[in-house]
$ cat work24.txt   # compact mmCIF, C-alpha atoms and all ligand atoms
# COMPACT_ATOMS: atom_id res chain seq x y z
CA THR T 1 10.38 26.65 -5.68
CA PRO T 2 13.01 25.43 -3.19
CA THR T 3 13.99 21.77 -3.13
CA ILE T 4 12.16 19.68 -0.53
CA ARG T 5 14.67 18.14 1.89
CA ALA T 6 13.38 14.64 2.69
CA ALA T 7 14.45 11.90 5.10
CA ILE T 8 13.24 8.39 5.83
CA VAL T 9 12.76 6.60 9.13
CA GLY T 10 12.62 2.78 8.93
CA TYR T 11 14.38 0.89 6.14
CA GLY T 12 12.22 -2.12 5.25
CA ASN T 13 10.43 -2.80 1.94
CA LEU T 14 8.64 0.54 2.01
CA GLY T 15 11.71 2.53 3.11
CA ARG T 16 13.78 1.07 0.27
CA SER T 17 11.06 1.93 -2.28
CA VAL T 18 10.72 5.50 -0.94
CA GLU T 19 14.51 5.95 -1.16
CA LYS T 20 14.49 4.82 -4.80
CA LEU T 21 11.55 7.07 -5.75
CA ILE T 22 12.78 10.22 -3.98
CA ARG T 23 15.86 10.00 -6.23
CA SER T 24 13.65 10.43 -9.31
CA GLN T 25 11.66 13.44 -8.04
CA PRO T 26 12.57 16.76 -9.69
CA ASP T 27 11.97 18.76 -6.50
CA MET T 28 13.28 16.51 -3.68
CA GLU T 29 16.61 15.57 -2.19
CA LEU T 30 17.23 12.76 0.30
CA VAL T 31 19.14 13.96 3.37
CA GLY T 32 19.39 10.58 5.09
CA ILE T 33 17.80 7.50 6.59
CA PHE T 34 17.13 6.99 10.30
CA SER T 35 17.19 3.38 11.45
CA ARG T 36 17.22 1.37 14.67
CA ARG T 37 19.90 -0.79 13.05
CA PRO T 38 23.50 0.50 13.03
CA GLU T 39 24.27 -0.54 9.43
CA LEU T 40 22.19 -0.63 6.29
CA ASP T 41 23.03 -1.69 2.77
CA THR T 42 22.71 1.73 1.08
CA ASP T 43 24.77 4.69 -0.20
CA THR T 44 22.45 7.17 1.54
CA PRO T 45 23.77 8.59 4.85
CA VAL T 46 22.41 6.54 7.78
CA PHE T 47 21.77 8.03 11.24
CA PRO T 48 20.59 6.38 14.47
CA ALA T 49 16.82 6.71 14.87
CA ALA T 50 17.40 7.87 18.45
CA SER T 51 19.27 10.95 17.17
CA ALA T 52 16.59 12.04 14.69
CA ALA T 53 15.48 15.16 16.60
CA ASP T 54 19.02 16.60 16.27
CA HIS T 55 18.44 16.82 12.50
CA ALA T 56 15.03 18.51 12.63
CA GLY T 57 16.33 21.79 11.17
CA GLU T 58 17.72 20.04 8.06
CA ILE T 59 14.55 18.20 7.02
CA ASP T 60 11.31 19.47 5.43
CA VAL T 61 9.46 16.15 5.44
CA LEU T 62 10.12 12.86 7.22
CA PHE T 63 8.77 9.69 5.60
CA LEU T 64 7.60 7.32 8.35
CA CYS T 65 8.28 3.89 6.77
CA LEU T 66 7.82 1.98 10.01
CA GLY T 67 5.51 -1.00 10.54
CA SER T 68 1.85 -0.29 11.28
CA ALA T 69 1.41 -3.08 13.83
CA THR T 70 3.44 -1.58 16.69
CA ASP T 71 6.03 0.94 15.39
CA ILE T 72 3.60 3.62 14.23
CA PRO T 73 1.34 3.54 17.33
CA GLU T 74 4.41 3.70 19.60
CA GLN T 75 6.66 6.13 17.72
CA ALA T 76 4.81 8.27 15.16
CA THR T 77 3.70 11.04 17.54
CA GLY T 78 7.29 11.41 18.81
CA TYR T 79 8.42 12.15 15.25
CA ALA T 80 5.44 14.46 14.59
CA ARG T 81 6.57 16.72 17.45
CA HIS T 82 9.87 17.41 15.65
CA PHE T 83 9.12 16.91 11.94
CA THR T 84 6.50 17.34 9.27
CA THR T 85 5.63 13.70 8.55
CA VAL T 86 3.81 11.45 6.10
CA ASP T 87 2.88 7.85 6.95
CA THR T 88 1.05 4.84 5.47
CA TYR T 89 -0.61 3.64 8.70
CA ASP T 90 -3.01 0.95 7.55
CA ASN T 91 -5.11 -0.16 10.54
CA HIS T 92 -8.43 1.17 9.20
CA GLN T 93 -10.33 0.87 12.48
CA LEU T 94 -7.73 2.87 14.39
CA VAL T 95 -7.16 5.60 11.78
CA PRO T 96 -9.40 8.09 13.67
CA ASP T 97 -7.32 7.62 16.85
CA HIS T 98 -4.07 7.93 14.91
CA TYR T 99 -5.35 11.09 13.18
CA ALA T 100 -6.27 12.68 16.53
CA ALA T 101 -2.95 11.77 18.20
CA MET T 102 -0.89 12.96 15.23
CA GLY T 103 -2.92 16.18 15.03
CA GLU T 104 -2.16 16.98 18.65
CA ALA T 105 1.56 16.18 18.30
CA ALA T 106 1.95 18.05 15.02
CA ARG T 107 0.17 21.17 16.30
CA ALA T 108 2.33 21.13 19.44
CA GLY T 109 5.46 21.07 17.26
CA GLY T 110 4.19 23.50 14.63
CA ASN T 111 4.28 20.71 12.03
CA VAL T 112 2.04 18.97 9.48
CA ALA T 113 1.30 15.21 9.65
CA VAL T 114 -0.31 13.63 6.57
CA VAL T 115 -1.63 10.27 7.77
CA SER T 116 -2.61 6.94 6.19
CA THR T 117 -1.47 7.55 2.61
CA GLY T 118 -0.67 4.62 0.31
CA TRP T 119 -3.37 2.81 -1.66
CA ASP T 120 -5.66 1.31 0.97
CA PRO T 121 -5.91 3.39 3.03
CA GLY T 122 -4.96 6.19 0.70
CA LEU T 123 -6.05 6.36 -2.93
CA PHE T 124 -8.90 3.87 -2.30
CA SER T 125 -10.16 6.03 0.58
CA LEU T 126 -10.25 9.07 -1.69
CA ASN T 127 -12.13 7.16 -4.36
CA ARG T 128 -14.63 5.70 -1.87
CA THR T 129 -15.52 9.22 -0.69
CA VAL T 130 -15.68 10.86 -4.13
CA ALA T 131 -17.72 8.09 -5.76
CA ASP T 132 -20.12 7.76 -2.82
CA ALA T 133 -20.79 11.50 -2.92
CA LEU T 134 -22.08 11.22 -6.51
CA PHE T 135 -25.01 8.94 -5.70
CA PRO T 136 -27.93 9.58 -3.32
CA ASP T 137 -27.99 5.82 -2.58
CA ALA T 138 -24.63 4.34 -3.53
CA GLN T 139 -23.80 0.61 -3.60
CA GLN T 140 -20.06 0.32 -2.99
CA ASN T 141 -17.70 -2.67 -2.96
CA THR T 142 -13.93 -2.83 -2.48
CA PHE T 143 -12.09 -5.85 -3.91
CA TRP T 144 -8.46 -6.63 -3.07
CA GLY T 145 -6.12 -8.44 -5.45
CA LYS T 146 -4.57 -9.74 -7.51
CA GLY T 147 -2.30 -9.90 -4.50
CA LEU T 148 0.28 -12.13 -2.93
CA SER T 149 -1.01 -13.48 0.38
CA GLN T 150 1.79 -14.27 2.82
CA GLY T 151 -0.36 -16.43 5.13
CA HIS T 152 -1.81 -18.55 2.33
CA SER T 153 1.61 -18.93 0.69
CA ASP T 154 2.92 -20.30 4.02
CA ALA T 155 -0.02 -22.75 4.16
CA VAL T 156 0.80 -23.99 0.64
CA ARG T 157 4.46 -24.50 1.57
CA ARG T 158 3.46 -26.66 4.55
CA VAL T 159 1.76 -29.24 2.28
CA PRO T 160 3.90 -32.42 2.01
CA GLY T 161 5.72 -32.65 -1.33
CA VAL T 162 5.74 -28.87 -1.92
CA LYS T 163 9.23 -27.49 -2.49
CA ARG T 164 8.28 -23.88 -3.20
CA GLY T 165 4.88 -22.26 -3.36
CA VAL T 166 3.06 -18.97 -3.58
CA GLN T 167 -0.61 -17.99 -3.44
CA TYR T 168 -2.39 -15.07 -5.09
CA THR T 169 -5.85 -13.86 -4.09
CA ILE T 170 -7.75 -12.66 -7.16
CA PRO T 171 -11.14 -10.93 -7.26
CA SER T 172 -13.72 -13.04 -9.10
CA GLU T 173 -14.78 -11.59 -12.46
CA GLU T 174 -18.42 -12.52 -11.76
CA ALA T 175 -18.39 -10.69 -8.43
CA ILE T 176 -16.93 -7.57 -10.07
CA ALA T 177 -19.63 -7.73 -12.76
CA GLU T 178 -22.32 -8.09 -10.06
CA ALA T 179 -20.90 -5.07 -8.20
CA LYS T 180 -20.88 -2.96 -11.37
CA ALA T 181 -24.50 -3.91 -11.98
CA GLY T 182 -25.42 -2.67 -8.50
CA ARG T 183 -25.94 -6.17 -7.08
CA GLY T 184 -22.93 -6.06 -4.72
CA ALA T 185 -24.86 -6.21 -1.45
CA GLU T 186 -24.81 -10.03 -1.29
CA ILE T 187 -21.15 -10.49 -2.20
CA THR T 188 -19.17 -12.34 0.50
CA GLY T 189 -15.42 -12.91 0.92
CA ALA T 190 -15.55 -16.42 -0.55
CA SER T 191 -17.79 -15.47 -3.48
CA ALA T 192 -15.76 -12.33 -4.24
CA HIS T 193 -12.36 -13.96 -4.56
CA VAL T 194 -10.64 -16.95 -6.15
CA ARG T 195 -7.26 -18.34 -5.13
CA GLU T 196 -4.43 -19.24 -7.49
CA CYS T 197 -1.37 -21.23 -6.37
CA PHE T 198 1.96 -21.76 -8.13
CA VAL T 199 3.86 -24.75 -6.80
CA VAL T 200 7.24 -26.38 -7.43
CA ALA T 201 6.83 -30.06 -6.48
CA GLU T 202 9.66 -31.95 -4.82
CA GLU T 203 8.96 -34.86 -7.20
CA PRO T 204 7.38 -33.70 -10.46
CA GLY T 205 4.88 -36.21 -11.86
CA ALA T 206 1.15 -36.72 -12.13
CA ALA T 207 0.70 -38.77 -8.92
CA SER T 208 2.55 -36.44 -6.57
CA GLU T 209 1.02 -33.36 -8.20
CA GLU T 210 -2.51 -34.72 -7.86
CA ALA T 211 -1.93 -35.40 -4.13
CA ILE T 212 -0.64 -31.86 -3.61
CA ARG T 213 -3.56 -30.36 -5.53
CA GLU T 214 -6.02 -32.37 -3.43
CA ALA T 215 -4.32 -31.36 -0.14
CA ILE T 216 -4.37 -27.65 -1.03
CA THR T 217 -7.87 -27.32 -2.47
CA THR T 218 -9.49 -29.23 0.43
CA MET T 219 -7.55 -27.47 3.21
CA PRO T 220 -10.24 -26.22 5.64
CA ASP T 221 -10.69 -22.44 6.09
CA TYR T 222 -7.68 -21.48 3.99
CA PHE T 223 -8.92 -22.93 0.70
CA ALA T 224 -11.99 -25.17 1.04
CA PRO T 225 -14.77 -22.58 0.56
CA TYR T 226 -12.90 -20.85 -2.29
CA THR T 227 -12.44 -21.72 -5.94
CA THR T 228 -8.76 -22.66 -5.98
CA THR T 229 -6.52 -23.50 -8.93
CA VAL T 230 -3.05 -25.04 -8.52
CA HIS T 231 -0.40 -24.66 -11.25
CA PHE T 232 2.78 -26.74 -11.22
CA ILE T 233 5.84 -24.93 -12.48
CA THR T 234 9.60 -25.46 -12.61
CA GLU T 235 12.02 -23.92 -10.13
CA HIS T 236 13.32 -21.71 -12.96
CA GLU T 237 9.79 -20.38 -13.64
CA PHE T 238 9.27 -19.82 -9.92
CA GLU T 239 12.49 -17.77 -9.68
CA ARG T 240 11.64 -15.82 -12.82
CA ASP T 241 7.94 -15.06 -12.30
CA HIS T 242 7.09 -15.18 -8.59
CA GLN T 243 9.63 -13.07 -6.66
CA GLY T 244 7.70 -9.77 -6.75
CA MET T 245 5.07 -8.46 -4.37
CA PRO T 246 2.15 -7.75 -6.71
CA HIS T 247 -1.10 -6.38 -5.41
CA GLY T 248 -4.04 -4.27 -6.49
CA GLY T 249 -7.78 -4.04 -6.34
CA HIS T 250 -10.97 -2.25 -7.29
CA VAL T 251 -13.34 0.21 -5.66
CA ILE T 252 -16.68 -0.09 -7.48
CA THR T 253 -19.57 2.24 -6.78
CA SER T 254 -22.89 2.33 -8.55
CA GLY T 255 -26.29 3.81 -8.08
CA ASP T 256 -29.46 5.21 -9.47
CA LEU T 257 -29.45 8.84 -10.59
CA GLY T 258 -33.14 9.61 -10.88
CA GLY T 259 -33.97 6.85 -13.35
CA SER T 260 -30.60 6.02 -14.96
CA ARG T 261 -27.91 3.78 -13.48
CA SER T 262 -24.21 4.63 -13.56
CA SER T 263 -21.12 3.01 -12.08
CA VAL T 264 -17.67 4.29 -11.18
CA GLU T 265 -14.64 2.03 -10.97
CA PHE T 266 -11.16 2.75 -9.64
CA ALA T 267 -8.74 -0.09 -10.33
CA LEU T 268 -5.09 -0.69 -9.48
CA GLU T 269 -2.72 -3.34 -10.85
CA LEU T 270 0.49 -3.09 -8.89
CA GLY T 271 3.68 -4.83 -9.97
CA SER T 272 5.06 -4.23 -6.47
CA ASN T 273 3.01 -3.32 -3.42
CA PRO T 274 5.85 -1.42 -1.65
CA ASP T 275 6.87 0.49 -4.79
CA PHE T 276 3.32 1.71 -5.38
CA THR T 277 2.64 2.46 -1.71
CA ALA T 278 5.86 4.49 -1.76
CA ALA T 279 4.74 6.36 -4.90
CA SER T 280 1.61 7.52 -3.08
CA GLN T 281 3.56 8.34 0.09
CA VAL T 282 6.12 10.41 -1.85
CA ALA T 283 3.38 12.45 -3.58
CA TYR T 284 1.64 13.09 -0.24
CA GLY T 285 5.04 13.87 1.31
CA ARG T 286 5.38 16.68 -1.24
CA ALA T 287 1.92 17.91 -0.19
CA ALA T 288 2.90 17.76 3.51
CA ALA T 289 5.98 19.92 2.90
CA ARG T 290 3.95 22.41 0.85
CA LEU T 291 1.15 22.62 3.44
CA ARG T 292 3.78 23.33 6.10
CA ALA T 293 5.42 25.97 3.85
CA GLU T 294 2.00 27.65 3.54
CA GLY T 295 1.91 27.91 7.33
CA ARG T 296 -0.55 25.09 8.02
CA THR T 297 -0.15 22.78 11.03
CA GLY T 298 -1.90 19.66 12.34
CA ALA T 299 -2.95 16.32 10.85
CA PHE T 300 -4.47 15.79 7.41
CA THR T 301 -5.96 12.66 5.86
CA VAL T 302 -5.91 12.17 2.07
CA LEU T 303 -9.48 13.54 2.02
CA GLU T 304 -8.24 16.95 3.14
CA VAL T 305 -5.26 17.39 0.80
CA ALA T 306 -6.00 19.25 -2.45
CA PRO T 307 -4.89 17.13 -5.43
CA TYR T 308 -2.63 19.78 -7.02
CA LEU T 309 -0.39 19.66 -3.94
CA LEU T 310 0.67 16.12 -4.93
CA SER T 311 2.20 17.20 -8.23
CA PRO T 312 5.55 18.87 -8.91
CA VAL T 313 3.89 20.59 -11.90
CA PRO T 314 2.74 24.18 -11.14
CA LEU T 315 -1.02 24.67 -10.65
CA GLU T 316 -1.43 27.00 -13.65
CA GLU T 317 0.07 24.35 -15.92
CA LEU T 318 -2.07 21.60 -14.37
CA ILE T 319 -5.21 23.65 -15.01
CA ARG T 320 -4.20 24.18 -18.66
CA ARG T 321 -3.14 20.56 -19.13
CA ASP T 322 -5.56 18.48 -17.09
CA VAL T 323 -8.75 20.36 -16.34
P1 LIG H 401 8.93 -4.09 6.90
O1 LIG H 401 8.61 -5.17 7.86
O2 LIG H 401 9.77 -4.41 5.69
O3 LIG H 401 9.69 -2.90 7.69
C1 LIG H 401 9.17 -2.35 8.90
C2 LIG H 401 10.34 -1.90 9.77
O4 LIG H 401 11.07 -3.03 10.24
C3 LIG H 401 11.35 -1.04 9.03
O5 LIG H 401 10.97 0.29 9.10
C4 LIG H 401 12.69 -1.35 9.69
O6 LIG H 401 13.00 -0.40 10.72
C5 LIG H 401 12.47 -2.74 10.28
N1 LIG H 401 13.17 -3.74 9.46
C6 LIG H 401 13.01 -3.95 8.13
N2 LIG H 401 13.82 -4.95 7.70
C7 LIG H 401 14.48 -5.38 8.80
C8 LIG H 401 15.45 -6.39 9.03
N3 LIG H 401 15.93 -7.14 8.03
N4 LIG H 401 15.90 -6.58 10.30
C9 LIG H 401 15.44 -5.82 11.32
N5 LIG H 401 14.53 -4.84 11.15
C10 LIG H 401 14.05 -4.63 9.93
O7 LIG H 401 7.56 -3.45 6.47
P2 LIG H 401 7.18 -2.80 5.05
O8 LIG H 401 8.20 -1.78 4.71
O9 LIG H 401 6.90 -3.88 4.07
O10 LIG H 401 5.79 -2.10 5.37
C11 LIG H 401 5.71 -0.97 6.23
C12 LIG H 401 4.25 -0.64 6.48
O11 LIG H 401 3.65 -0.12 5.31
C13 LIG H 401 3.37 -1.85 6.84
O12 LIG H 401 3.33 -2.04 8.23
C14 LIG H 401 2.02 -1.46 6.30
O13 LIG H 401 1.19 -1.05 7.34
C15 LIG H 401 2.27 -0.25 5.43
N6 LIG H 401 1.60 -0.42 4.14
C16 LIG H 401 0.56 0.42 3.82
C17 LIG H 401 -0.11 0.29 2.63
C18 LIG H 401 -1.21 1.25 2.27
O14 LIG H 401 -1.75 1.13 1.17
N7 LIG H 401 -1.56 2.19 3.11
C19 LIG H 401 0.24 -0.78 1.66
C20 LIG H 401 1.38 -1.58 2.05
C21 LIG H 401 2.02 -1.40 3.26
P3 LIG H 401 14.53 -0.07 11.10
O15 LIG H 401 15.23 0.39 9.83
O16 LIG H 401 14.43 1.01 12.12
O17 LIG H 401 15.13 -1.34 11.63

$ encode --input "work24.txt" --output "structure tokens" --more "lines below"
Ligand code: NDP
Amino acid sequence: TPTIRAAIVGYGNLGRSVEKLIRSQPDMELVGIFSRRPELDTDTPVFPAASAADHAGEIDVLFLCLGSATDIPEQATGYARHFTTVDTYDNHQLVPDHYAAMGEAARAGGNVAVVSTGWDPGLFSLNRTVADALFPDAQQNTFWGKGLSQGHSDAVRRVPGVKRGVQYTIPSEEAIAEAKAGRGAEITGASAHVRECFVVAEEPGAASEEAIREAITTMPDYFAPYTTTVHFITEHEFERDHQGMPHGGHVITSGDLGGSRSSVEFALELGSNPDFTAASQVAYGRAAARLRAEGRTGAFTVLEVAPYLLSPVPLEELIRRDV
């Protein structure tokens, strides 16, 4: 099979992870990166985003690694007119609008647009649909975490006496057990999650640390309704253990199957959110290029992409190996 010629638009956390992962794919080569900035710290050829359409003939799939807040709504359809694309658009409520707009643009350009890949949306969406379809009356819960929360980490750093701080949101083990037992209907945000903070104090010592702990755990809205633990660590430990962007979560579905109960769980533990989101986007990028090569056009969500299209391994071998 011919090598898939890939390019990236947008070079933030996700773009850097996609660049790294394309290099380790057996069937892909990276043609270049399009950016709004004139210079990027990379060995890959960099082109102005405004000139992207000039390169349309050289690229089989364009990875849209732009922000979901404004970039994707403003720019994604423009790219879909010229390229087969794959994105990680994550505004769940607006996914149907994005899917419709990308479908129209991709069909007009004779391209494929695979939308809202990643993990949520993305692999979690797939698992919500598959698991729900198994039960006539499914009880389903999605839990997010362990994950680094930017907003809560900022709140911790604003507490007097805090030199450095980070906050992880972690699903509560009891809530997960309740969900598995089919009692997930009553689970709320505060009962489903606990918060864990790692803090470097400006002045280490019991008195200052107790004041910081008190200020964090009683902070209204951010922490007060939650079970919060605060760990004090050294600057060295902070540098060593808390620079990554971990995330993850669970989709838990359970139900009655005519007298017996069963539950299905899909869990992710991600060392780096952008690396894993990129891993999903790269696999769906392969699928986008293959759908286009088969003559398909228009937009596809993860629900519509056959799983074998994600893999560089030929279908016959997958059937022998995995079915
Ligand atoms: P970033 O904020 O790092 O990057 C977004 C864009 O901002 C880039 O494409 C880049 O465009 C520009 N940019 C990046 N760094 C700089 C800088 N230093 N100065 C100026 N501009 C910069 O976002 P992420 O890469 O972390 O995330 C991208 C999207 O991925 C998110 O919006 C989120 O929606 C999505 N996502 C989806 C997930 C899923 O599971 N579906 C999970 C995680 C994220 P340019 O190069 O043109 O300047």

$ closest_residue --input "work24.txt" --among "T:Arg81, T:Arg320, T:Arg107, T:His92" --to "ligand LIG 401 (chain H)" --atoms "only C-alpha atoms and all ligand atoms"
T:His92

$ closest_atom_pairs --input "work24.txt" --of "chain T" --to "ligand LIG 401 (chain H)" --cutoff "7 Å" --atoms "all atoms listed in the file" --output "CSV"
residue,atom,partner,partner_atom,distance
T:Val9,CA,H:LIG401,O16,6.6
T:Gly10,CA,H:LIG401,O5,3.0
T:Tyr11,CA,H:LIG401,O15,3.8
T:Gly12,CA,H:LIG401,O2,3.4
T:Asn13,CA,H:LIG401,O8,3.7
T:Leu14,CA,H:LIG401,O8,3.6
T:Gly15,CA,H:LIG401,O8,5.8
T:Phe34,CA,H:LIG401,O16,6.8
T:Ser35,CA,H:LIG401,O16,3.7
T:Arg36,CA,H:LIG401,O16,3.8
T:Arg37,CA,H:LIG401,O17,5.0
T:Ala49,CA,H:LIG401,O16,6.8
T:Cys65,CA,H:LIG401,O5,5.1
T:Leu66,CA,H:LIG401,O5,3.7
T:Gly67,CA,H:LIG401,O12,3.3
T:Ser68,CA,H:LIG401,O12,3.8
T:Ala69,CA,H:LIG401,O12,6.0
T:Thr88,CA,H:LIG401,N7,4.4
T:Tyr89,CA,H:LIG401,O13,5.2
T:Asp90,CA,H:LIG401,O13,4.7
T:Ser116,CA,H:LIG401,N7,5.8
T:Thr117,CA,H:LIG401,N7,5.4
T:Gly118,CA,H:LIG401,O14,3.8
T:Trp119,CA,H:LIG401,O14,3.7
T:Asp120,CA,H:LIG401,O14,3.9
T:Pro121,CA,H:LIG401,N7,4.5
T:Gly122,CA,H:LIG401,N7,5.8
T:Asn273,CA,H:LIG401,C20,6.0
T:Pro274,CA,H:LIG401,C20,5.8
T:Thr277,CA,H:LIG401,C19,5.3

$ residues_around --input "work24.txt" --residues "Ala177 of chain T" --least-positions-apart "2" --cutoff "12 Å" --atoms "all atoms listed in the file" --output "PyMOL selection string"
chain T and resi 141+143+171-175+179-184+187+192+250+252-254+263+265

$ residues_around --input "work24.txt" --residues "segment 168-170 of chain T" --least-positions-apart "3" --cutoff "6 Å" --atoms "all atoms listed in the file" --output "number ranges by chain"
T: 145-149, 193-196

$ closest_residue --input "work24.txt" --among "T:Gly285, T:Gly298, T:Gly109, T:Gly57" --to "Leu310 of chain T" --atoms "only C-alpha atoms"
T:Gly285

$ atom_distance --input "work24.txt" --atom1 "atom CA of Thr301 of chain T" --atom2 "atom CA of Tyr99 of chain T"
7.5 Å

$ closest_residue --input "work24.txt" --among "T:Glu104, T:Asp241, T:Glu203, T:Asp97" --to "Pro73 of chain T" --atoms "only C-alpha atoms"
T:Asp97

$ build_atoms --input "work24.txt" --residues "segment 149-156 of chain T" --atoms "all heavy atoms" --output "CSV table (one decimal), keeping the file's coordinate frame"
chain,number,residue,atom,x,y,z
T,149,SER,N,-0.6,-13.3,-1.0
T,149,SER,CA,-1.0,-13.5,0.4
T,149,SER,C,0.0,-14.3,1.1
T,149,SER,O,0.3,-15.5,0.8
T,149,SER,CB,-2.4,-14.2,0.5
T,149,SER,OG,-2.6,-14.6,1.8
T,150,GLN,N,0.7,-13.6,2.1
T,150,GLN,CA,1.8,-14.3,2.8
T,150,GLN,C,1.3,-15.5,3.6
T,150,GLN,O,1.9,-16.5,3.6
T,150,GLN,CB,2.4,-13.2,3.8
T,150,GLN,CG,3.9,-13.4,4.1
T,150,GLN,CD,4.7,-13.6,2.8
T,150,GLN,OE1,4.8,-12.7,2.0
T,150,GLN,NE2,5.4,-14.8,2.7
T,151,GLY,N,0.2,-15.3,4.3
T,151,GLY,CA,-0.4,-16.4,5.1
T,151,GLY,C,-0.7,-17.7,4.3
T,151,GLY,O,-0.4,-18.8,4.7
T,152,HIS,N,-1.4,-17.4,3.2
T,152,HIS,CA,-1.8,-18.6,2.3
T,152,HIS,C,-0.6,-19.2,1.6
T,152,HIS,O,-0.6,-20.4,1.4
T,152,HIS,CB,-2.9,-18.1,1.3
T,152,HIS,CG,-4.2,-17.9,2.0
T,152,HIS,ND1,-4.5,-16.7,2.7
T,152,HIS,CD2,-5.3,-18.7,2.1
T,152,HIS,CE1,-5.7,-16.8,3.2
T,152,HIS,NE2,-6.2,-18.0,2.8
T,153,SER,N,0.4,-18.4,1.3
T,153,SER,CA,1.6,-18.9,0.7
T,153,SER,C,2.3,-19.9,1.7
T,153,SER,O,2.8,-20.9,1.3
T,153,SER,CB,2.6,-17.8,0.3
T,153,SER,OG,2.0,-17.0,-0.7
T,154,ASP,N,2.3,-19.5,3.0
T,154,ASP,CA,2.9,-20.3,4.0
T,154,ASP,C,2.2,-21.6,4.1
T,154,ASP,O,2.7,-22.7,4.3
T,154,ASP,CB,2.9,-19.6,5.4
T,154,ASP,CG,3.9,-18.5,5.5
T,154,ASP,OD1,4.9,-18.5,4.6
T,154,ASP,OD2,3.8,-17.6,6.3
T,155,ALA,N,0.8,-21.5,4.1
T,155,ALA,CA,0.0,-22.8,4.2
T,155,ALA,C,0.3,-23.7,3.0
T,155,ALA,O,0.4,-24.9,3.2
T,155,ALA,CB,-1.5,-22.4,4.2
T,156,VAL,N,0.5,-23.2,1.8
T,156,VAL,CA,0.8,-24.0,0.6
T,156,VAL,C,2.1,-24.7,0.9
T,156,VAL,O,2.3,-25.9,0.6
T,156,VAL,CB,0.8,-23.1,-0.6
T,156,VAL,CG1,1.5,-23.9,-1.8
T,156,VAL,CG2,-0.6,-22.7,-1.0
